[in-house]
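Chemist: Right, I'll just put the structure down here and ask away after.
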There are 2 protein chains.
Amino acid sequence: MAQAPGPGKQVQIAHIATQHYLQNKTRIEIANETGLSRFKVGRLLDEAVSSGIVKIHIASPSGVRLDLSVQLRERFGLEHAVVVDVPSDADEVIQAKLGSTAGDLLREILTDEDVLGLTSGRTLNAMARSLSELPKCGVVQLAGVAGPIQETGLEIMRRVSAIAGVRPWTIYSPLVVSDAQAAVGIRRQPDTRQTFEQFNKVTVAVGSIGSWKPENSQMIKNRALDPSDREKLLERGVVAEFGATLITDTGSVVHDIDDRCIAISEEQWRAIPTVIAVAGGPTKTRAIRAVLASGLLKGLVTDAATAERLLGG
Amino acid sequence: MAQAPGPGKQVQIAHIATQHYLQNKTRIEIANETGLSRFKVGRLLDEAVSSGIVKIHIASPSGVRLDLSVQLRERFGLEHAVVVDVPSDADEVIQAKLGSTAGDLLREILTDEDVLGLTSGRTLNAMARSLSELPKCGVVQLAGVAGPIQETGLEIMRRVSAIAGVRPWTIYSPLVVSDAQAAVGIRRQPDTRQTFEQFNKVTVAVGSIGSWKPENSQMIKNRALDPSDREKLLERGVVAEFGATLITDTGSVVHDIDDRCIAISEEQWRAIPTVIAVAGGPTKTRAIRAVLASGLLKGLVTDAATAERLLGG
DNA sequence: GGAAGTTATGCTCATATGAGCAGTAGATAT
DNA sequence: ATATCTACTGCTCATATGAGCATAACTTCC
């Protein structure tokens, strides 16, 4: 019956493992130097790993949590998952870090043949602020203005298109309006109509996620949604919004107010090859999980604590 | 000009490295699954290691410091080097741990075709106490009694030979005597003479190391050595003793009192295929280094702090 | 826009390695 | 001491991999 190896054998294994794993010697070279057969060297190397003498792990030398990123990507079937450590749980700090990370990811992904679509939000504002260069790609606003005027999609659009060196396709409208008729009127305006016509050309889209439960969203605060609207939507199970697309815990899309939103539709999201959400923090976890469940996403940029909650649940 | 990879590429590398190093997939399997060439997968795996994304290290799951053991073995050209952590720097604690580790090593190494030679000392006494089984090998005492009666080679000999199930070859004599004539007389006694005749049959020897500078030695306290003897030997550069073999910092053996010692000679040590010293602690480091420099040793059992001092200096 | 320099890719062929197997060695039971 | 069982070793042959090279792609300079 096999026992735990004694100290002498452990040191022998460690010595052979050092030569192979740290000094890149082949099993045959090690066999020649030690007088053992290459089969025996192979078995000792297998034992080095199975016994825990050799430890191999994925480190994160640059601040990107590669271990969590790989797990997130496999768990949720994503093409891009980037998880970063953040220095604090404050929303502003998380948004700044996620924004700059998303900017780094975009610089890697985009070519001048892409058309970039953007929603609004503070995280995307932070991303826009961190960017210093982009290829000369198209830039399209995917949704009307959700929040207060100093953090609007307009500012994001201005910055990003200036860096890319192109004219932006913008939407001078709120995200939600009072009724469907008003929305029809807005969509009919020439500039807005032309921007909407660009939606089917978008190849890479980046959006932030709004949380309805717990409430951490610019859209839910929009005055065009009165308290009874909100109540109804919450009763229908809405916990998240992505652009103006409302999503429940199970990933179902709620279409109740589609006709009065000035934004990309669910169907149009699904037609874009690469859709990346940038979101994090304790209050956003449920909403992120809901959007992941919807199948809309091909990518996610988030913080480590959120990734752990997503992976743990 | 090559830059640090962006987050997307880092995650790609981490994903491929996870599949290869942690899930044991071949480069060809990974290439098939990712659509990359096997050459590209190979290059990314190389980059995973060179960039620090993959970390491989030698761990010590069992308490034997394998990393230090391998370094000691390579640095000093030893066949056996075993380094263990000890819970404290107290001599008794170090001796107990080193003794039990030496016992584990002996159990691994010895067969019933070996003849085991032993010196005396508290560390070997601890080793003898830790043993619970040995093969039926010969057991030979290599040196007379150096220290106080309750920690003599006699006790070690009794225990070890009882465990091995054999009659021991003993030496009922002090390690050093007053003059060469007395030594001749002692060596002429039948039992002692027969034990000396066994020295050339010893295949594995284990000894502790006495330190003369700083003073931590049973031998130096022996009354047969008067103060002027000690003074002279210290002036000759003696810093260590192994059995009764006196050694300087450069590894030279001092033969001044060989003729009045009842112990194995330097020449006889050198004829033994496997010689292992068991010693540690702050006061023994210089002495251990000296004995290593002598070339007498094929093995060493020591503690981690001592190993670090030996490797650092 | 074209030339020159640099970086990256996929290839060939020799070498390294793995998996299943037959034979040997060691351990246990009688 | 012998028989039986278990563990270990070295082998064959198919597959995996590496190193140097030629070619392609990309970047920089004019």
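Lettering and numbering for the structure tokens are positional, with chains as A, B, ... in the shown order, residues counted from 1 in each chain, and ligands counted from 1 in the shown order.
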Using 7 Å as the limit and counting only C-alpha atoms, can you tabulate each residue of chain B that touches chain A, with its shortest atom-to-atom distance in Å and the two atoms involved, as a tab-separated table?
Modeler:
```
residue	atom	partner	partner_atom	distance
B:Gly6	CA	A:Glu108	CA	6.4
B:Pro7	CA	A:Leu105	CA	5.9
B:Gly8	CA	A:Leu105	CA	5.8
B:Val11	CA	A:Leu66	CA	5.8
B:Ala14	CA	A:Leu66	CA	6.1
B:His15	CA	A:Val70	CA	5.5
B:Gly52	CA	A:Pro61	CA	6.3
B:Ile53	CA	A:Ala59	CA	4.9
B:Val54	CA	A:Ile58	CA	4.8
B:Lys55	CA	A:His57	CA	5.4
B:Ile56	CA	A:Ile56	CA	4.5
B:His57	CA	A:Lys55	CA	5.4
B:Ile58	CA	A:Val54	CA	4.8
B:Ala59	CA	A:Ile53	CA	4.9
B:Ser60	CA	A:Ile53	CA	6.0
B:Pro61	CA	A:Ile53	CA	6.4
B:Val64	CA	A:Pro7	CA	6.7
B:Leu66	CA	A:Val11	CA	5.7
B:Ser69	CA	A:Val11	CA	6.5
B:Val70	CA	A:His15	CA	5.5
B:His80	CA	A:Gly8	CA	6.7
B:Val82	CA	A:Pro7	CA	6.7
B:Asp104	CA	A:Gly6	CA	6.4
B:Leu105	CA	A:Gly8	CA	5.8
B:Glu108	CA	A:Gly6	CA	6.4
```
Chemist: Would you output that residue set with N, CA and C atoms, as a PDB file, in the first residue's frame?
Modeler:
```pdb
ATOM      1  N   GLY B   6      -2.798  44.184 -23.417  1.00  0.00           N
ATOM      2  CA  GLY B   6      -3.986  44.793 -22.821  1.00  0.00           C
ATOM      3  C   GLY B   6      -4.770  43.764 -22.033  1.00  0.00           C
ATOM      4  N   PRO B   7      -5.813  44.208 -21.351  1.00  0.00           N
ATOM      5  CA  PRO B   7      -6.576  43.282 -20.511  1.00  0.00           C
ATOM      6  C   PRO B   7      -7.185  42.128 -21.294  1.00  0.00           C
ATOM      7  N   GLY B   8      -7.623  42.395 -22.516  1.00  0.00           N
ATOM      8  CA  GLY B   8      -8.241  41.324 -23.296  1.00  0.00           C
ATOM      9  C   GLY B   8      -7.259  40.212 -23.617  1.00  0.00           C
ATOM     10  N   VAL B  11      -6.377  38.162 -20.488  1.00  0.00           N
ATOM     11  CA  VAL B  11      -7.401  37.171 -20.137  1.00  0.00           C
ATOM     12  C   VAL B  11      -7.340  35.989 -21.100  1.00  0.00           C
ATOM     13  N   ALA B  14      -4.485  33.937 -19.948  1.00  0.00           N
ATOM     14  CA  ALA B  14      -4.842  33.250 -18.694  1.00  0.00           C
ATOM     15  C   ALA B  14      -5.776  32.086 -18.974  1.00  0.00           C
ATOM     16  N   HIS B  15      -6.688  32.267 -19.909  1.00  0.00           N
ATOM     17  CA  HIS B  15      -7.641  31.210 -20.248  1.00  0.00           C
ATOM     18  C   HIS B  15      -6.913  30.011 -20.850  1.00  0.00           C
ATOM     19  N   GLY B  52       4.690  36.304 -16.117  1.00  0.00           N
ATOM     20  CA  GLY B  52       4.298  36.168 -14.716  1.00  0.00           C
ATOM     21  C   GLY B  52       2.825  35.862 -14.518  1.00  0.00           C
ATOM     22  N   ILE B  53       2.082  35.666 -15.601  1.00  0.00           N
ATOM     23  CA  ILE B  53       0.673  35.298 -15.450  1.00  0.00           C
ATOM     24  C   ILE B  53       0.578  33.893 -14.859  1.00  0.00           C
ATOM     25  N   VAL B  54       1.416  32.978 -15.358  1.00  0.00           N
ATOM     26  CA  VAL B  54       1.500  31.641 -14.747  1.00  0.00           C
ATOM     27  C   VAL B  54       2.662  31.634 -13.785  1.00  0.00           C
ATOM     28  N   LYS B  55       2.383  31.214 -12.564  1.00  0.00           N
ATOM     29  CA  LYS B  55       3.417  31.103 -11.547  1.00  0.00           C
ATOM     30  C   LYS B  55       3.571  29.650 -11.156  1.00  0.00           C
ATOM     31  N   ILE B  56       4.781  29.155 -11.204  1.00  0.00           N
ATOM     32  CA  ILE B  56       5.059  27.783 -10.788  1.00  0.00           C
ATOM     33  C   ILE B  56       6.074  27.836  -9.659  1.00  0.00           C
ATOM     34  N   HIS B  57       5.746  27.220  -8.538  1.00  0.00           N
ATOM     35  CA  HIS B  57       6.740  27.192  -7.472  1.00  0.00           C
ATOM     36  C   HIS B  57       6.725  25.856  -6.753  1.00  0.00           C
ATOM     37  N   ILE B  58       7.786  25.616  -6.042  1.00  0.00           N
ATOM     38  CA  ILE B  58       7.951  24.384  -5.273  1.00  0.00           C
ATOM     39  C   ILE B  58       7.414  24.645  -3.878  1.00  0.00           C
ATOM     40  N   ALA B  59       6.337  23.963  -3.525  1.00  0.00           N
ATOM     41  CA  ALA B  59       5.732  24.135  -2.212  1.00  0.00           C
ATOM     42  C   ALA B  59       6.286  23.097  -1.241  1.00  0.00           C
ATOM     43  N   SER B  60       5.867  23.200  -0.028  1.00  0.00           N
ATOM     44  CA  SER B  60       6.340  22.280   1.005  1.00  0.00           C
ATOM     45  C   SER B  60       5.149  21.769   1.799  1.00  0.00           C
ATOM     46  N   PRO B  61       4.351  20.919   1.150  1.00  0.00           N
ATOM     47  CA  PRO B  61       3.122  20.468   1.803  1.00  0.00           C
ATOM     48  C   PRO B  61       3.343  19.698   3.093  1.00  0.00           C
ATOM     49  N   VAL B  64       8.695  19.654   5.125  1.00  0.00           N
ATOM     50  CA  VAL B  64      10.075  19.667   4.649  1.00  0.00           C
ATOM     51  C   VAL B  64      10.205  20.841   3.689  1.00  0.00           C
ATOM     52  N   LEU B  66      11.233  22.063   0.850  1.00  0.00           N
ATOM     53  CA  LEU B  66      11.786  21.472  -0.357  1.00  0.00           C
ATOM     54  C   LEU B  66      12.593  22.463  -1.174  1.00  0.00           C
ATOM     55  N   SER B  69      15.863  22.731   0.505  1.00  0.00           N
ATOM     56  CA  SER B  69      16.559  21.438   0.407  1.00  0.00           C
ATOM     57  C   SER B  69      17.225  21.293  -0.960  1.00  0.00           C
ATOM     58  N   VAL B  70      16.487  21.633  -2.001  1.00  0.00           N
ATOM     59  CA  VAL B  70      17.039  21.532  -3.353  1.00  0.00           C
ATOM     60  C   VAL B  70      18.202  22.496  -3.544  1.00  0.00           C
ATOM     61  N   HIS B  80      21.900  14.005  -0.312  1.00  0.00           N
ATOM     62  CA  HIS B  80      20.707  14.142   0.527  1.00  0.00           C
ATOM     63  C   HIS B  80      20.791  15.462   1.259  1.00  0.00           C
ATOM     64  N   VAL B  82      17.980  17.678   3.575  1.00  0.00           N
ATOM     65  CA  VAL B  82      16.611  17.810   4.062  1.00  0.00           C
ATOM     66  C   VAL B  82      16.569  18.972   5.050  1.00  0.00           C
ATOM     67  N   ASP B 104      13.367   9.708   9.879  1.00  0.00           N
ATOM     68  CA  ASP B 104      12.549   9.452   8.686  1.00  0.00           C
ATOM     69  C   ASP B 104      13.432   9.189   7.464  1.00  0.00           C
ATOM     70  N   LEU B 105      14.496   9.978   7.344  1.00  0.00           N
ATOM     71  CA  LEU B 105      15.391   9.818   6.201  1.00  0.00           C
ATOM     72  C   LEU B 105      16.090   8.457   6.250  1.00  0.00           C
ATOM     73  N   GLU B 108      14.047   5.555   5.131  1.00  0.00           N
ATOM     74  CA  GLU B 108      13.941   5.520   3.659  1.00  0.00           C
ATOM     75  C   GLU B 108      15.174   4.936   3.002  1.00  0.00           C
TER      76      GLU B 108
END
```
Chemist: Could you please tell me, as a PyMOL selection string, which residues of chain C have an atom within 10 Å of chain B when using only C-alpha atoms (C1' of nucleotides)?
Modeler: chain C and resi 6-11
Chemist: Please, what distance in Å, to one decimal, runs between atom CA of B:Glu267 and atom CA of A:Thr34?
Modeler: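 Separating atom CA of B:Glu267 from atom CA of A:Thr34 is a distance of 27.7 Å.
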Chemist: Given the choices D:DA22, D:DC30, D:DC11, D:DT17, which gets closest to C:DC21 if the distance is worked out from only C-alpha atoms (C1' of nucleotides)?
Modeler: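 Comparing D:DA22, D:DC30, D:DC11, D:DT17 against C:DC21, the winner is D:DC11.
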Chemist: Could you please select, counting only C-alpha atoms (C1' of nucleotides), the residues of chain D within 10 Å of chain B and state them as a list of chain:residue names?
Modeler: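 That gives D:DA16, D:DT17, D:DG18, D:DT27 for chain D.
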Chemist: Going by DSSP on the backbone, which bits of stretch 28-248 of chain A are alpha helix (DSSP H)? Write them as a count of residues only, please.
Modeler: 98
Chemist: Write out as a PDB file with all heavy atoms, in the first residue's frame the residues lying within 12 Å of D:DT4, counting only C-alpha atoms (C1' of nucleotides) and excluding same-chain residues fewer than 4 positions away.
Modeler:
```
ATOM      1  P    DA C  27       8.822  -4.478  -0.213  1.00  0.00           P
ATOM      2  OP1  DA C  27       8.901  -3.123   0.364  1.00  0.00           O
ATOM      3  OP2  DA C  27       9.803  -5.521   0.171  1.00  0.00           O
ATOM      4  O5'  DA C  27       7.351  -5.055   0.054  1.00  0.00           O
ATOM      5  C5'  DA C  27       6.239  -4.365  -0.499  1.00  0.00           C
ATOM      6  C4'  DA C  27       4.971  -5.111  -0.150  1.00  0.00           C
ATOM      7  O4'  DA C  27       4.861  -6.291  -0.981  1.00  0.00           O
ATOM      8  C3'  DA C  27       4.897  -5.590   1.298  1.00  0.00           C
ATOM      9  O3'  DA C  27       3.583  -5.312   1.779  1.00  0.00           O
ATOM     10  C2'  DA C  27       5.190  -7.085   1.198  1.00  0.00           C
ATOM     11  C1'  DA C  27       4.629  -7.426  -0.170  1.00  0.00           C
ATOM     12  N9   DA C  27       5.275  -8.551  -0.828  1.00  0.00           N
ATOM     13  C8   DA C  27       6.624  -8.785  -0.972  1.00  0.00           C
ATOM     14  N7   DA C  27       6.902  -9.882  -1.648  1.00  0.00           N
ATOM     15  C5   DA C  27       5.657 -10.403  -1.966  1.00  0.00           C
ATOM     16  C6   DA C  27       5.260 -11.548  -2.678  1.00  0.00           C
ATOM     17  N6   DA C  27       6.112 -12.411  -3.227  1.00  0.00           N
ATOM     18  N1   DA C  27       3.936 -11.772  -2.826  1.00  0.00           N
ATOM     19  C2   DA C  27       3.067 -10.890  -2.285  1.00  0.00           C
ATOM     20  N3   DA C  27       3.321  -9.779  -1.604  1.00  0.00           N
ATOM     21  C4   DA C  27       4.651  -9.589  -1.480  1.00  0.00           C
ATOM     22  P    DT C  28       3.186  -5.632   3.295  1.00  0.00           P
ATOM     23  OP1  DT C  28       2.388  -4.464   3.711  1.00  0.00           O
ATOM     24  OP2  DT C  28       4.385  -6.036   4.051  1.00  0.00           O
ATOM     25  O5'  DT C  28       2.216  -6.894   3.176  1.00  0.00           O
ATOM     26  C5'  DT C  28       1.165  -6.869   2.205  1.00  0.00           C
ATOM     27  C4'  DT C  28       0.509  -8.230   2.145  1.00  0.00           C
ATOM     28  O4'  DT C  28       1.344  -9.157   1.393  1.00  0.00           O
ATOM     29  C3'  DT C  28       0.258  -8.877   3.506  1.00  0.00           C
ATOM     30  O3'  DT C  28      -1.092  -9.320   3.523  1.00  0.00           O
ATOM     31  C2'  DT C  28       1.260 -10.029   3.548  1.00  0.00           C
ATOM     32  C1'  DT C  28       1.379 -10.385   2.074  1.00  0.00           C
ATOM     33  N1   DT C  28       2.645 -11.065   1.686  1.00  0.00           N
ATOM     34  C2   DT C  28       2.565 -12.161   0.856  1.00  0.00           C
ATOM     35  O2   DT C  28       1.518 -12.618   0.455  1.00  0.00           O
ATOM     36  N3   DT C  28       3.787 -12.717   0.523  1.00  0.00           N
ATOM     37  C4   DT C  28       5.040 -12.285   0.922  1.00  0.00           C
ATOM     38  O4   DT C  28       6.057 -12.854   0.551  1.00  0.00           O
ATOM     39  C5   DT C  28       5.048 -11.114   1.775  1.00  0.00           C
ATOM     40  C7   DT C  28       6.354 -10.569   2.270  1.00  0.00           C
ATOM     41  C6   DT C  28       3.865 -10.571   2.112  1.00  0.00           C
ATOM     42  P    DA C  29      -1.771  -9.887   4.888  1.00  0.00           P
ATOM     43  OP1  DA C  29      -3.062  -9.187   5.012  1.00  0.00           O
ATOM     44  OP2  DA C  29      -0.770  -9.851   5.989  1.00  0.00           O
ATOM     45  O5'  DA C  29      -2.051 -11.418   4.528  1.00  0.00           O
ATOM     46  C5'  DA C  29      -2.679 -11.735   3.281  1.00  0.00           C
ATOM     47  C4'  DA C  29      -2.593 -13.228   3.042  1.00  0.00           C
ATOM     48  O4'  DA C  29      -1.254 -13.580   2.623  1.00  0.00           O
ATOM     49  C3'  DA C  29      -2.909 -14.084   4.256  1.00  0.00           C
ATOM     50  O3'  DA C  29      -3.760 -15.151   3.845  1.00  0.00           O
ATOM     51  C2'  DA C  29      -1.545 -14.592   4.724  1.00  0.00           C
ATOM     52  C1'  DA C  29      -0.794 -14.667   3.405  1.00  0.00           C
ATOM     53  N9   DA C  29       0.653 -14.536   3.529  1.00  0.00           N
ATOM     54  C8   DA C  29       1.358 -13.608   4.259  1.00  0.00           C
ATOM     55  N7   DA C  29       2.667 -13.724   4.156  1.00  0.00           N
ATOM     56  C5   DA C  29       2.829 -14.789   3.281  1.00  0.00           C
ATOM     57  C6   DA C  29       3.978 -15.423   2.767  1.00  0.00           C
ATOM     58  N6   DA C  29       5.224 -15.041   3.056  1.00  0.00           N
ATOM     59  N1   DA C  29       3.797 -16.466   1.926  1.00  0.00           N
ATOM     60  C2   DA C  29       2.538 -16.845   1.635  1.00  0.00           C
ATOM     61  N3   DA C  29       1.377 -16.329   2.060  1.00  0.00           N
ATOM     62  C4   DA C  29       1.604 -15.291   2.889  1.00  0.00           C
ATOM     63  P    DT C  30      -4.419 -16.131   4.918  1.00  0.00           P
ATOM     64  OP1  DT C  30      -5.808 -16.325   4.474  1.00  0.00           O
ATOM     65  OP2  DT C  30      -4.100 -15.612   6.274  1.00  0.00           O
ATOM     66  O5'  DT C  30      -3.603 -17.481   4.696  1.00  0.00           O
ATOM     67  C5'  DT C  30      -3.505 -18.011   3.364  1.00  0.00           C
ATOM     68  C4'  DT C  30      -2.523 -19.170   3.339  1.00  0.00           C
ATOM     69  O4'  DT C  30      -1.173 -18.644   3.411  1.00  0.00           O
ATOM     70  C3'  DT C  30      -2.676 -20.152   4.491  1.00  0.00           C
ATOM     71  O3'  DT C  30      -2.758 -21.475   3.963  1.00  0.00           O
ATOM     72  C2'  DT C  30      -1.402 -19.980   5.301  1.00  0.00           C
ATOM     73  C1'  DT C  30      -0.427 -19.502   4.245  1.00  0.00           C
ATOM     74  N1   DT C  30       0.731 -18.724   4.775  1.00  0.00           N
ATOM     75  C2   DT C  30       1.991 -19.039   4.324  1.00  0.00           C
ATOM     76  O2   DT C  30       2.208 -19.936   3.515  1.00  0.00           O
ATOM     77  N3   DT C  30       2.992 -18.260   4.846  1.00  0.00           N
ATOM     78  C4   DT C  30       2.867 -17.225   5.760  1.00  0.00           C
ATOM     79  O4   DT C  30       3.838 -16.614   6.154  1.00  0.00           O
ATOM     80  C5   DT C  30       1.516 -16.952   6.191  1.00  0.00           C
ATOM     81  C7   DT C  30       1.249 -15.854   7.181  1.00  0.00           C
ATOM     82  C6   DT C  30       0.523 -17.710   5.681  1.00  0.00           C
TER      83       DT C  30
END
```
